[in-house]
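Scroll down for the structure; my scribbles are underneath it.
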Amino acid sequence: MPRLHELQRDFARSVLCGVNFPSEWLRSNGIPPAKRLAIYRNNTILGLTEALRDGFPVVNRLVGEAFFEAMARQYVRIHPPRSTCLLEYGAGFPEFIASYLPAESLPYLADAARLEWLRQEAFQESYREGLKISTLGAVPPQSHGGVRLEMQPSVRLMVSEYPLLRIWEANQPGFAGDDRVSLREGGCRLLIVRPRLEVEIHSLDTGDYALLTALAKGATLIEAAELAISSDDDFNLFTSLHGWLQCGLFTHLSL
Amino acid sequence: MARFISQTGASATIPALAGIGLRPPHYPGLVDSRPQVGWLEVHSENYFGRGGAPLFYLEKLRGHYPVSLHGVGLSLGSTDPLDRLHLQRLKELAARIEPSLVSEHLSWSSIEGAYLNDLIPLPYTEEALDHLVNRIRQTQDFLERRILIENPSSYVEFTHSTLSEPEFLVETARRADCGILLDVNNVYVSCRNHGWNAEEYLNCIPAERVEEIHLAGHCLNRFEGGEVLIDTHDRPVCEAVWHLYEQALDRFGPCPTLVEWDTNLPSLETLLGEARKANLLLEAHYAQAA
């Protein structure tokens, strides 16, 4: 007779890895114990596969349902959720895809998954009121350089070698434009943020990307601006800051 | 954190009427038309985020309907340590939403840190009973409130069980001093799957413990040599379960009743239609009682 822990451990191994579960621990009642266990295996593997499909709809579209299912099932077996909150399941899926050999011919697939994961993170972050332009205006000009700006908790930044935003857009339901994307279009830098309810994706130029990345790491305005200017000669700090303040991207200012 | 305070129109207790499960595709319809329905129930874990649309709509709707928080992930029967982070998040959500009821399952879902995303039955032994009672007590102490515990639907029975499921359920509730959420569909599904008698199952449950009832749809899977009912929540409640529900009302009296529908989600109108069916039966029992 198994102790409770032993029973649960063996049951989980049977569900996730197909390891044999002692059939004498189960009543058959007309149906072989293995078939009864298969119901649980199916519920777990299918349920988690569908949770991944919900979270990664563009990846699903790019590879097709059958390919996605095979890839997701393998991920689920190797990396079952460590949290009981499924909103958090899939953080490791992009890295898994990057090393998943059958997907080798789609080099941008892991980046598409990274973008979808960052959208999921942004979706459930908290929201704060945006900083008013006048708040920055009230800081004496000689102190502007030392200002640190906090951004919306949902802000995520990413770089891709591929035209990821175009790939993402062309794979949205109802997209009616030209869905042929050439990888020669080149890479992109993206800002993912959720002002209030809908997650937005913004394409950034090199200057804005350098500025926001530095600010996100806690750099002062002057440090961030120097990085932005060194990466982009045409970077205009005033225009950039004004635009992001109007979007409500910054939430807090400290000196 | 902004605490919800303006409970215009939403009472603090769940009425003995039919409620529906709140699911994202129905958010706008519910907010716009505010249909007549007794109360709403959500899966707690879907609102564990720090913000965004789910919490926005839930807080908005909480202003108009009583809400019940129904957990699917606490894994009360697991031999892993009780998940303190999960409990903390549940407590924060409860502080924010002020639910009328909080419920969880008589089952386990995770072991050695891996979450199986399913409600797996326990062996009905003294060892499991002690363990579960202890965990429910810890949960109630942490949340500083009583919870309800729901009977699972199941496809396996463990050979070393020494108690029947209703005995185990009642003894758990008595010793942990928690309420019972009786899922009538689960009673039906498990009784059919294991050859138990549904009426005897209901007769084992003391009426004063039952504080909520669940109804849902299930499907039939045929295997060589037999068949198994699977608790899918993907279709209307079947006639046999409505019939068992009437028997449950006879025994337990009018009780808040939730129509669960989680996959293959119908239109809000169809879901409300199922709730109206439950309400008609509840009203008939009020009339009998009067």
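Naming scheme: A, B, ... for chains in displayed order of the structure tokens; residues 1 onward per chain; ligands 1 onward as shown.
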
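Residues of stretch 116-155 of chain B carrying a DSSP assignment of alpha helix (DSSP H), computed from the backbone, are B:Glu126, B:Glu127, B:Ala128, B:Leu129, B:Asp130, B:His131, B:Leu132, B:Val133, B:Asn134, B:Arg135, B:Ile136, B:Arg137, B:Gln138, B:Thr139, B:Gln140, B:Asp141, B:Phe142, B:Leu143.
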
Specify as an mmCIF file with all heavy atoms, in the first residue's frame all residues of chain A found within 8 Å of chain B, counting only C-alpha atoms.
data_model
loop_
_atom_site.group_PDB
_atom_site.id
_atom_site.type_symbol
_atom_site.label_atom_id
_atom_site.label_comp_id
_atom_site.auth_asym_id
_atom_site.auth_seq_id
_atom_site.Cartn_x
_atom_site.Cartn_y
_atom_site.Cartn_z
ATOM 1 N N MET A 1 0.855 -1.208 0.000
ATOM 2 C CA MET A 1 0.000 0.000 0.000
ATOM 3 C C MET A 1 0.893 1.261 0.000
ATOM 4 O O MET A 1 1.731 1.406 0.893
ATOM 5 C CB MET A 1 -0.859 -0.009 1.267
ATOM 6 C CG MET A 1 -2.264 0.490 1.023
ATOM 7 S SD MET A 1 -3.129 0.867 2.530
ATOM 8 C CE MET A 1 -3.002 -0.638 3.443
ATOM 9 N N LEU A 4 0.882 8.379 0.696
ATOM 10 C CA LEU A 4 0.284 9.388 -0.178
ATOM 11 C C LEU A 4 1.322 10.045 -1.093
ATOM 12 O O LEU A 4 1.083 10.229 -2.293
ATOM 13 C CB LEU A 4 -0.423 10.444 0.683
ATOM 14 C CG LEU A 4 -1.222 11.504 -0.062
ATOM 15 C CD1 LEU A 4 -2.245 10.885 -0.995
ATOM 16 C CD2 LEU A 4 -1.926 12.441 0.936
ATOM 17 N N HIS A 5 2.496 10.348 -0.530
ATOM 18 C CA HIS A 5 3.505 11.025 -1.352
ATOM 19 C C HIS A 5 3.973 10.140 -2.508
ATOM 20 O O HIS A 5 4.092 10.576 -3.645
ATOM 21 C CB HIS A 5 4.711 11.452 -0.508
ATOM 22 C CG HIS A 5 5.794 12.065 -1.335
ATOM 23 N ND1 HIS A 5 5.725 13.358 -1.792
ATOM 24 C CD2 HIS A 5 6.930 11.541 -1.856
ATOM 25 C CE1 HIS A 5 6.784 13.617 -2.533
ATOM 26 N NE2 HIS A 5 7.538 12.530 -2.600
ATOM 27 N N GLN A 8 1.345 9.990 -5.223
ATOM 28 C CA GLN A 8 1.254 11.215 -6.031
ATOM 29 C C GLN A 8 2.460 11.348 -6.960
ATOM 30 O O GLN A 8 2.329 11.731 -8.124
ATOM 31 C CB GLN A 8 1.122 12.440 -5.111
ATOM 32 C CG GLN A 8 -0.222 12.435 -4.380
ATOM 33 C CD GLN A 8 -0.443 13.622 -3.477
ATOM 34 O OE1 GLN A 8 0.514 14.268 -3.017
ATOM 35 N NE2 GLN A 8 -1.693 13.913 -3.185
ATOM 36 N N ARG A 9 3.642 11.040 -6.449
ATOM 37 C CA ARG A 9 4.858 11.133 -7.251
ATOM 38 C C ARG A 9 4.774 10.185 -8.456
ATOM 39 O O ARG A 9 5.018 10.589 -9.597
ATOM 40 C CB ARG A 9 6.055 10.765 -6.366
ATOM 41 C CG ARG A 9 7.417 10.920 -7.010
ATOM 42 C CD ARG A 9 8.461 10.139 -6.242
ATOM 43 N NE ARG A 9 8.096 8.714 -6.211
ATOM 44 C CZ ARG A 9 8.554 7.836 -5.324
ATOM 45 N NH1 ARG A 9 9.382 8.218 -4.375
ATOM 46 N NH2 ARG A 9 8.175 6.575 -5.373
ATOM 47 N N ALA A 12 2.145 11.347 -11.059
ATOM 48 C CA ALA A 12 2.633 12.456 -11.878
ATOM 49 C C ALA A 12 3.645 11.971 -12.913
ATOM 50 O O ALA A 12 3.627 12.412 -14.067
ATOM 51 C CB ALA A 12 3.257 13.535 -10.990
ATOM 52 N N GLU A 24 -1.958 -2.380 -9.714
ATOM 53 C CA GLU A 24 -2.689 -2.937 -8.564
ATOM 54 C C GLU A 24 -3.138 -1.839 -7.591
ATOM 55 O O GLU A 24 -3.905 -2.100 -6.675
ATOM 56 C CB GLU A 24 -1.840 -4.007 -7.845
ATOM 57 C CG GLU A 24 -0.573 -3.510 -7.181
ATOM 58 C CD GLU A 24 0.640 -3.499 -8.118
ATOM 59 O OE1 GLU A 24 0.442 -3.481 -9.364
ATOM 60 O OE2 GLU A 24 1.784 -3.467 -7.620
ATOM 61 N N TRP A 25 -2.682 -0.621 -7.796
ATOM 62 C CA TRP A 25 -3.149 0.486 -6.944
ATOM 63 C C TRP A 25 -4.478 1.063 -7.433
ATOM 64 O O TRP A 25 -5.071 1.915 -6.789
ATOM 65 C CB TRP A 25 -2.101 1.625 -6.905
ATOM 66 C CG TRP A 25 -0.831 1.236 -6.224
ATOM 67 C CD1 TRP A 25 -0.544 0.072 -5.581
ATOM 68 C CD2 TRP A 25 0.361 2.039 -6.119
ATOM 69 N NE1 TRP A 25 0.740 0.075 -5.095
ATOM 70 C CE2 TRP A 25 1.320 1.279 -5.402
ATOM 71 C CE3 TRP A 25 0.707 3.317 -6.561
ATOM 72 C CZ2 TRP A 25 2.599 1.758 -5.127
ATOM 73 C CZ3 TRP A 25 1.971 3.801 -6.275
ATOM 74 C CH2 TRP A 25 2.917 3.014 -5.567
ATOM 75 N N LEU A 26 -4.909 0.649 -8.618
ATOM 76 C CA LEU A 26 -6.140 1.192 -9.194
ATOM 77 C C LEU A 26 -7.180 0.094 -9.375
ATOM 78 O O LEU A 26 -6.866 -1.027 -9.765
ATOM 79 C CB LEU A 26 -5.855 1.825 -10.561
ATOM 80 C CG LEU A 26 -4.943 3.047 -10.576
ATOM 81 C CD1 LEU A 26 -4.652 3.449 -12.021
ATOM 82 C CD2 LEU A 26 -5.568 4.201 -9.820
ATOM 83 N N ARG A 27 -8.450 0.458 -9.116
ATOM 84 C CA ARG A 27 -9.540 -0.477 -9.423
ATOM 85 C C ARG A 27 -9.810 -0.422 -10.911
ATOM 86 O O ARG A 27 -9.873 0.670 -11.476
ATOM 87 C CB ARG A 27 -10.809 -0.018 -8.700
ATOM 88 C CG ARG A 27 -10.911 -0.684 -7.385
ATOM 89 C CD ARG A 27 -12.189 -0.446 -6.644
ATOM 90 N NE ARG A 27 -11.826 -0.669 -5.251
ATOM 91 C CZ ARG A 27 -12.328 -0.032 -4.221
ATOM 92 N NH1 ARG A 27 -13.273 0.858 -4.395
ATOM 93 N NH2 ARG A 27 -11.896 -0.281 -3.010
ATOM 94 N N ASN A 29 -12.593 -2.010 -12.573
ATOM 95 C CA ASN A 29 -14.010 -1.760 -12.744
ATOM 96 C C ASN A 29 -14.425 -1.787 -14.221
ATOM 97 O O ASN A 29 -15.113 -0.887 -14.705
ATOM 98 C CB ASN A 29 -14.330 -0.396 -12.129
ATOM 99 C CG ASN A 29 -15.715 -0.364 -11.516
ATOM 100 O OD1 ASN A 29 -16.503 -1.286 -11.731
ATOM 101 N ND2 ASN A 29 -16.007 0.678 -10.778
ATOM 102 N N GLY A 30 -13.934 -2.765 -14.926
ATOM 103 C CA GLY A 30 -14.340 -2.925 -16.330
ATOM 104 C C GLY A 30 -13.443 -2.246 -17.341
ATOM 105 O O GLY A 30 -13.518 -2.527 -18.520
ATOM 106 N N ILE A 31 -12.592 -1.330 -16.888
ATOM 107 C CA ILE A 31 -11.718 -0.607 -17.820
ATOM 108 C C ILE A 31 -10.275 -0.743 -17.344
ATOM 109 O O ILE A 31 -9.991 -0.514 -16.164
ATOM 110 C CB ILE A 31 -12.139 0.874 -17.905
ATOM 111 C CG1 ILE A 31 -13.511 0.964 -18.572
ATOM 112 C CG2 ILE A 31 -11.117 1.706 -18.681
ATOM 113 C CD1 ILE A 31 -14.112 2.310 -18.570
ATOM 114 N N PRO A 33 -6.702 -0.195 -15.996
ATOM 115 C CA PRO A 33 -6.146 0.985 -15.312
ATOM 116 C C PRO A 33 -5.350 1.898 -16.243
ATOM 117 O O PRO A 33 -5.398 3.118 -16.099
ATOM 118 C CB PRO A 33 -5.245 0.366 -14.234
ATOM 119 C CG PRO A 33 -5.877 -0.944 -13.930
ATOM 120 C CD PRO A 33 -6.458 -1.431 -15.219
ATOM 121 N N ARG A 36 -7.580 4.286 -17.860
ATOM 122 C CA ARG A 36 -8.050 5.299 -16.909
ATOM 123 C C ARG A 36 -6.965 6.374 -16.714
ATOM 124 O O ARG A 36 -7.257 7.569 -16.708
ATOM 125 C CB ARG A 36 -8.394 4.649 -15.568
ATOM 126 C CG ARG A 36 -9.560 3.694 -15.653
ATOM 127 C CD ARG A 36 -9.964 3.151 -14.301
ATOM 128 N NE ARG A 36 -11.204 2.391 -14.414
ATOM 129 C CZ ARG A 36 -12.418 2.934 -14.387
ATOM 130 N NH1 ARG A 36 -12.554 4.237 -14.196
ATOM 131 N NH2 ARG A 36 -13.491 2.200 -14.534
ATOM 132 N N LEU A 37 -5.722 5.920 -16.577
ATOM 133 C CA LEU A 37 -4.618 6.889 -16.412
ATOM 134 C C LEU A 37 -4.454 7.750 -17.658
ATOM 135 O O LEU A 37 -4.105 8.933 -17.563
ATOM 136 C CB LEU A 37 -3.309 6.150 -16.136
ATOM 137 C CG LEU A 37 -3.124 5.676 -14.705
ATOM 138 C CD1 LEU A 37 -1.939 4.748 -14.612
ATOM 139 C CD2 LEU A 37 -2.936 6.875 -13.765
ATOM 140 N N ILE A 39 -6.644 9.034 -19.401
ATOM 141 C CA ILE A 39 -7.556 10.187 -19.355
ATOM 142 C C ILE A 39 -6.862 11.357 -18.661
ATOM 143 O O ILE A 39 -6.910 12.504 -19.123
ATOM 144 C CB ILE A 39 -8.870 9.826 -18.621
ATOM 145 C CG1 ILE A 39 -9.578 8.688 -19.359
ATOM 146 C CG2 ILE A 39 -9.771 11.055 -18.482
ATOM 147 C CD1 ILE A 39 -10.779 8.114 -18.599
ATOM 148 N N TYR A 40 -6.174 11.045 -17.550
ATOM 149 C CA TYR A 40 -5.469 12.111 -16.823
ATOM 150 C C TYR A 40 -4.296 12.641 -17.643
ATOM 151 O O TYR A 40 -4.035 13.848 -17.676
ATOM 152 C CB TYR A 40 -4.999 11.610 -15.453
ATOM 153 C CG TYR A 40 -6.169 11.482 -14.499
ATOM 154 C CD1 TYR A 40 -6.820 10.267 -14.328
ATOM 155 C CD2 TYR A 40 -6.661 12.586 -13.821
ATOM 156 C CE1 TYR A 40 -7.917 10.144 -13.497
ATOM 157 C CE2 TYR A 40 -7.758 12.481 -12.978
ATOM 158 C CZ TYR A 40 -8.384 11.259 -12.820
ATOM 159 O OH TYR A 40 -9.473 11.159 -12.002
ATOM 160 N N ASN A 43 -5.719 14.881 -20.232
ATOM 161 C CA ASN A 43 -6.181 16.157 -19.658
ATOM 162 C C ASN A 43 -5.002 17.089 -19.411
ATOM 163 O O ASN A 43 -5.059 18.279 -19.730
ATOM 164 C CB ASN A 43 -6.885 15.927 -18.317
ATOM 165 C CG ASN A 43 -8.320 15.480 -18.499
ATOM 166 O OD1 ASN A 43 -8.826 15.439 -19.616
ATOM 167 N ND2 ASN A 43 -8.970 15.135 -17.405
ATOM 168 N N THR A 44 -3.928 16.545 -18.823
ATOM 169 C CA THR A 44 -2.780 17.380 -18.472
ATOM 170 C C THR A 44 -2.049 17.867 -19.718
ATOM 171 O O THR A 44 -1.852 19.073 -19.900
ATOM 172 C CB THR A 44 -1.805 16.596 -17.569
ATOM 173 O OG1 THR A 44 -2.439 16.358 -16.321
ATOM 174 C CG2 THR A 44 -0.526 17.368 -17.328
ATOM 175 N N GLY A 47 -4.392 19.962 -22.018
ATOM 176 C CA GLY A 47 -4.769 21.224 -21.365
ATOM 177 C C GLY A 47 -3.618 22.212 -21.387
ATOM 178 O O GLY A 47 -3.798 23.393 -21.703
ATOM 179 N N LEU A 48 -2.407 21.725 -21.088
ATOM 180 C CA LEU A 48 -1.246 22.628 -21.056
ATOM 181 C C LEU A 48 -0.822 23.030 -22.472
ATOM 182 O O LEU A 48 -0.397 24.162 -22.707
ATOM 183 C CB LEU A 48 -0.091 21.982 -20.291
ATOM 184 C CG LEU A 48 -0.357 21.794 -18.792
ATOM 185 C CD1 LEU A 48 0.739 20.961 -18.146
ATOM 186 C CD2 LEU A 48 -0.489 23.146 -18.082
ATOM 187 N N PRO A 80 7.053 20.976 -17.200
ATOM 188 C CA PRO A 80 5.690 21.217 -16.717
ATOM 189 C C PRO A 80 5.661 22.501 -15.886
ATOM 190 O O PRO A 80 6.708 22.935 -15.404
ATOM 191 C CB PRO A 80 5.404 19.982 -15.860
ATOM 192 C CG PRO A 80 6.730 19.446 -15.467
ATOM 193 C CD PRO A 80 7.676 19.799 -16.578
ATOM 194 N N PRO A 81 4.504 23.126 -15.726
ATOM 195 C CA PRO A 81 4.455 24.388 -14.982
ATOM 196 C C PRO A 81 4.991 24.229 -13.560
ATOM 197 O O PRO A 81 4.724 23.217 -12.915
ATOM 198 C CB PRO A 81 2.961 24.727 -14.932
ATOM 199 C CG PRO A 81 2.301 23.841 -15.911
ATOM 200 C CD PRO A 81 3.197 22.687 -16.194
ATOM 201 N N ARG A 82 5.744 25.200 -13.102
ATOM 202 C CA ARG A 82 6.217 25.217 -11.711
ATOM 203 C C ARG A 82 5.296 26.094 -10.857
ATOM 204 O O ARG A 82 5.437 26.137 -9.638
ATOM 205 C CB ARG A 82 7.657 25.765 -11.614
ATOM 206 C CG ARG A 82 8.670 25.052 -12.505
ATOM 207 C CD ARG A 82 8.764 23.558 -12.273
ATOM 208 N NE ARG A 82 9.283 23.192 -10.958
ATOM 209 C CZ ARG A 82 9.471 21.939 -10.559
ATOM 210 N NH1 ARG A 82 9.160 20.944 -11.357
ATOM 211 N NH2 ARG A 82 9.945 21.698 -9.371
ATOM 212 N N SER A 83 4.391 26.816 -11.510
ATOM 213 C CA SER A 83 3.464 27.676 -10.776
ATOM 214 C C SER A 83 2.049 27.169 -11.013
ATOM 215 O O SER A 83 1.735 26.648 -12.090
ATOM 216 C CB SER A 83 3.579 29.116 -11.272
ATOM 217 O OG SER A 83 2.416 29.848 -10.946
ATOM 218 N N THR A 84 1.195 27.320 -9.997
ATOM 219 C CA THR A 84 -0.197 26.901 -10.129
ATOM 220 C C THR A 84 -1.023 27.946 -10.856
ATOM 221 O O THR A 84 -2.211 27.781 -11.030
ATOM 222 C CB THR A 84 -0.802 26.688 -8.732
ATOM 223 O OG1 THR A 84 -0.563 27.872 -7.976
ATOM 224 C CG2 THR A 84 -0.157 25.510 -8.034
ATOM 225 N N CYS A 85 -0.380 29.020 -11.264
ATOM 226 C CA CYS A 85 -1.079 30.092 -11.953
ATOM 227 C C CYS A 85 -0.667 30.016 -13.421
ATOM 228 O O CYS A 85 0.466 30.344 -13.773
ATOM 229 C CB CYS A 85 -0.668 31.422 -11.309
ATOM 230 S SG CYS A 85 -1.271 32.854 -12.152
ATOM 231 N N LEU A 86 -1.563 29.560 -14.280
ATOM 232 C CA LEU A 86 -1.185 29.291 -15.677
ATOM 233 C C LEU A 86 -0.846 30.548 -16.469
ATOM 234 O O LEU A 86 -0.254 30.465 -17.539
ATOM 235 C CB LEU A 86 -2.305 28.531 -16.388
ATOM 236 C CG LEU A 86 -2.330 27.021 -16.178
ATOM 237 C CD1 LEU A 86 -3.295 26.378 -17.144
ATOM 238 C CD2 LEU A 86 -0.950 26.393 -16.320
ATOM 239 N N LEU A 87 -1.211 31.721 -15.925
ATOM 240 C CA LEU A 87 -0.816 32.978 -16.578
ATOM 241 C C LEU A 87 0.698 33.028 -16.712
ATOM 242 O O LEU A 87 1.236 33.710 -17.575
ATOM 243 C CB LEU A 87 -1.239 34.191 -15.735
ATOM 244 C CG LEU A 87 -2.722 34.471 -15.547
ATOM 245 C CD1 LEU A 87 -2.919 35.587 -14.529
ATOM 246 C CD2 LEU A 87 -3.345 34.860 -16.871
ATOM 247 N N PHE A 123 0.397 42.144 -20.377
ATOM 248 C CA PHE A 123 -1.054 42.021 -20.245
ATOM 249 C C PHE A 123 -1.502 42.031 -18.787
ATOM 250 O O PHE A 123 -2.554 42.557 -18.448
ATOM 251 C CB PHE A 123 -1.505 40.727 -20.939
ATOM 252 C CG PHE A 123 -2.963 40.426 -20.801
ATOM 253 C CD1 PHE A 123 -3.894 41.110 -21.555
ATOM 254 C CD2 PHE A 123 -3.417 39.446 -19.913
ATOM 255 C CE1 PHE A 123 -5.251 40.838 -21.426
ATOM 256 C CE2 PHE A 123 -4.764 39.167 -19.783
ATOM 257 C CZ PHE A 123 -5.680 39.866 -20.545
ATOM 258 N N GLN A 124 -0.683 41.438 -17.915
ATOM 259 C CA GLN A 124 -1.141 41.281 -16.528
ATOM 260 C C GLN A 124 -0.383 42.165 -15.544
ATOM 261 O O GLN A 124 -0.486 41.953 -14.338
ATOM 262 C CB GLN A 124 -1.070 39.826 -16.121
ATOM 263 C CG GLN A 124 0.259 39.192 -16.451
ATOM 264 C CD GLN A 124 0.437 37.879 -15.755
ATOM 265 O OE1 GLN A 124 0.051 37.727 -14.622
ATOM 266 N NE2 GLN A 124 1.033 36.928 -16.449
ATOM 267 N N GLU A 125 0.390 43.123 -16.050
ATOM 268 C CA GLU A 125 1.086 44.043 -15.148
ATOM 269 C C GLU A 125 0.124 45.125 -14.634
ATOM 270 O O GLU A 125 -0.922 45.368 -15.217
ATOM 271 C CB GLU A 125 2.248 44.711 -15.895
ATOM 272 C CG GLU A 125 3.537 43.919 -15.836
ATOM 273 C CD GLU A 125 4.115 43.821 -14.417
ATOM 274 O OE1 GLU A 125 3.558 44.443 -13.493
ATOM 275 O OE2 GLU A 125 5.114 43.096 -14.251
ATOM 276 N N SER A 126 0.545 45.783 -13.574
ATOM 277 C CA SER A 126 -0.281 46.869 -13.063
ATOM 278 C C SER A 126 -0.121 48.109 -13.952
ATOM 279 O O SER A 126 0.766 48.172 -14.798
ATOM 280 C CB SER A 126 0.094 47.193 -11.618
ATOM 281 O OG SER A 126 1.481 47.400 -11.534
ATOM 282 N N TYR A 127 -0.996 49.057 -13.773
ATOM 283 C CA TYR A 127 -0.979 50.293 -14.550
ATOM 284 C C TYR A 127 -0.883 51.467 -13.578
ATOM 285 O O TYR A 127 -1.513 51.447 -12.527
ATOM 286 C CB TYR A 127 -2.268 50.413 -15.374
ATOM 287 C CG TYR A 127 -2.492 51.791 -15.943
ATOM 288 C CD1 TYR A 127 -1.823 52.182 -17.104
ATOM 289 C CD2 TYR A 127 -3.350 52.706 -15.307
ATOM 290 C CE1 TYR A 127 -2.007 53.461 -17.622
ATOM 291 C CE2 TYR A 127 -3.532 53.977 -15.824
ATOM 292 C CZ TYR A 127 -2.857 54.344 -16.969
ATOM 293 O OH TYR A 127 -3.028 55.605 -17.476
ATOM 294 N N ARG A 194 1.470 48.276 -21.940
ATOM 295 C CA ARG A 194 0.013 48.238 -21.853
ATOM 296 C C ARG A 194 -0.509 49.468 -21.127
ATOM 297 O O ARG A 194 -0.576 49.503 -19.916
ATOM 298 C CB ARG A 194 -0.480 46.993 -21.126
ATOM 299 C CG ARG A 194 -1.938 46.678 -21.439
ATOM 300 C CD ARG A 194 -2.595 45.799 -20.408
ATOM 301 N NE ARG A 194 -2.846 46.586 -19.204
ATOM 302 C CZ ARG A 194 -2.318 46.348 -18.024
ATOM 303 N NH1 ARG A 194 -1.523 45.340 -17.837
ATOM 304 N NH2 ARG A 194 -2.592 47.130 -16.988
ATOM 305 N N ARG A 196 -3.440 51.154 -19.821
ATOM 306 C CA ARG A 196 -4.796 50.689 -19.464
ATOM 307 C C ARG A 196 -5.062 49.250 -19.887
ATOM 308 O O ARG A 196 -4.469 48.349 -19.320
ATOM 309 C CB ARG A 196 -5.838 51.650 -20.002
ATOM 310 C CG ARG A 196 -5.642 53.033 -19.387
ATOM 311 C CD ARG A 196 -6.751 53.995 -19.656
ATOM 312 N NE ARG A 196 -6.365 55.332 -19.206
ATOM 313 C CZ ARG A 196 -6.502 55.755 -17.951
ATOM 314 N NH1 ARG A 196 -7.037 54.975 -17.040
ATOM 315 N NH2 ARG A 196 -6.114 56.978 -17.606
ATOM 316 N N LEU A 197 -5.864 48.982 -20.933
ATOM 317 C CA LEU A 197 -6.310 47.599 -21.158
ATOM 318 C C LEU A 197 -5.644 46.841 -22.299
ATOM 319 O O LEU A 197 -5.464 45.637 -22.231
ATOM 320 C CB LEU A 197 -7.833 47.578 -21.377
ATOM 321 C CG LEU A 197 -8.660 48.038 -20.183
ATOM 322 C CD1 LEU A 197 -10.143 47.934 -20.479
ATOM 323 C CD2 LEU A 197 -8.324 47.243 -18.930
ATOM 324 N N GLU A 198 -5.305 47.540 -23.387
ATOM 325 C CA GLU A 198 -4.785 46.832 -24.557
ATOM 326 C C GLU A 198 -3.270 46.912 -24.614
ATOM 327 O O GLU A 198 -2.700 47.989 -24.457
ATOM 328 C CB GLU A 198 -5.363 47.462 -25.843
ATOM 329 C CG GLU A 198 -6.871 47.417 -25.947
ATOM 330 C CD GLU A 198 -7.403 46.006 -26.158
ATOM 331 O OE1 GLU A 198 -6.682 45.212 -26.802
ATOM 332 O OE2 GLU A 198 -8.498 45.717 -25.665
#

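Atom to atom, atom CA of B:Ile14 and atom CA of B:Leu182 stand 15.4 Å apart.
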
Tell me, as a list in words, which residues lie within 12 Å of stretch 182-185 of chain A, counting only C-alpha atoms; anything in the same chain fewer than 6 positions away does not count.
->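 Listed by chain and then number, they are Leu106, Pro107, Tyr108, Ser160, Glu161, Tyr162, Pro163, Leu164, Leu165, Arg166, Ile167 and Ala170 of chain A.
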
Would you list the contacts of A:Ala225 as a PyMOL selection string, taking every protein, DNA or RNA residue within 10 Å and counting only C-alpha atoms, but skipping same-chain residues closer than 4 positions in sequence?
-> chain A and resi 145+207-208+210-212+214-215+219-221+229-231+235-237

Show which residues sit within 10 Å of B:Gly21, as an mmCIF file with N, CA and C atoms, in the first residue's frame. Count only C-alpha atoms, and ignore same-chain residues fewer than 6 positions away.
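After the write, result-v7.cif holds the following:
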data_model
loop_
_atom_site.group_PDB
_atom_site.id
_atom_site.type_symbol
_atom_site.label_atom_id
_atom_site.label_comp_id
_atom_site.auth_asym_id
_atom_site.auth_seq_id
_atom_site.Cartn_x
_atom_site.Cartn_y
_atom_site.Cartn_z
ATOM 1 N N TRP B 39 -25.454 35.990 -9.392
ATOM 2 C CA TRP B 39 -24.082 36.198 -8.939
ATOM 3 C C TRP B 39 -23.117 35.654 -9.984
ATOM 4 N N LEU B 40 -21.833 35.951 -9.789
ATOM 5 C CA LEU B 40 -20.794 35.515 -10.727
ATOM 6 C C LEU B 40 -19.723 34.735 -9.971
ATOM 7 N N GLU B 41 -19.134 33.773 -10.678
ATOM 8 C CA GLU B 41 -18.006 33.049 -10.079
ATOM 9 C C GLU B 41 -16.824 33.099 -11.050
ATOM 10 N N VAL B 42 -15.623 33.261 -10.502
ATOM 11 C CA VAL B 42 -14.418 33.265 -11.335
ATOM 12 C C VAL B 42 -13.444 32.216 -10.823
ATOM 13 N N HIS B 43 -12.560 31.769 -11.709
ATOM 14 C CA HIS B 43 -11.429 30.956 -11.273
ATOM 15 C C HIS B 43 -10.389 31.920 -10.718
ATOM 16 N N VAL B 67 -19.797 38.113 -5.911
ATOM 17 C CA VAL B 67 -18.800 37.298 -6.612
ATOM 18 C C VAL B 67 -18.300 36.174 -5.705
ATOM 19 N N SER B 68 -18.083 35.029 -6.307
ATOM 20 C CA SER B 68 -17.476 33.902 -5.605
ATOM 21 C C SER B 68 -16.128 33.597 -6.248
ATOM 22 N N HIS B 70 -13.443 30.888 -6.977
ATOM 23 C CA HIS B 70 -13.356 29.430 -7.019
ATOM 24 C C HIS B 70 -11.954 29.038 -7.481
ATOM 25 N N LEU B 258 -24.327 27.350 -9.401
ATOM 26 C CA LEU B 258 -23.541 27.871 -10.506
ATOM 27 C C LEU B 258 -23.613 26.962 -11.722
ATOM 28 N N VAL B 259 -23.870 27.589 -12.881
ATOM 29 C CA VAL B 259 -23.760 26.852 -14.134
ATOM 30 C C VAL B 259 -22.359 27.113 -14.684
ATOM 31 N N GLU B 260 -21.555 26.032 -14.728
ATOM 32 C CA GLU B 260 -20.164 26.148 -15.202
ATOM 33 C C GLU B 260 -20.095 25.785 -16.680
ATOM 34 N N TRP B 261 -19.364 26.583 -17.423
ATOM 35 C CA TRP B 261 -19.156 26.281 -18.843
ATOM 36 C C TRP B 261 -17.813 26.911 -19.189
ATOM 37 N N ASP B 262 -16.774 26.090 -19.441
ATOM 38 C CA ASP B 262 -15.420 26.632 -19.544
ATOM 39 C C ASP B 262 -14.787 26.521 -20.922
ATOM 40 N N LEU B 271 -25.782 30.888 -22.051
ATOM 41 C CA LEU B 271 -25.355 30.620 -20.685
ATOM 42 C C LEU B 271 -26.411 31.108 -19.687
#
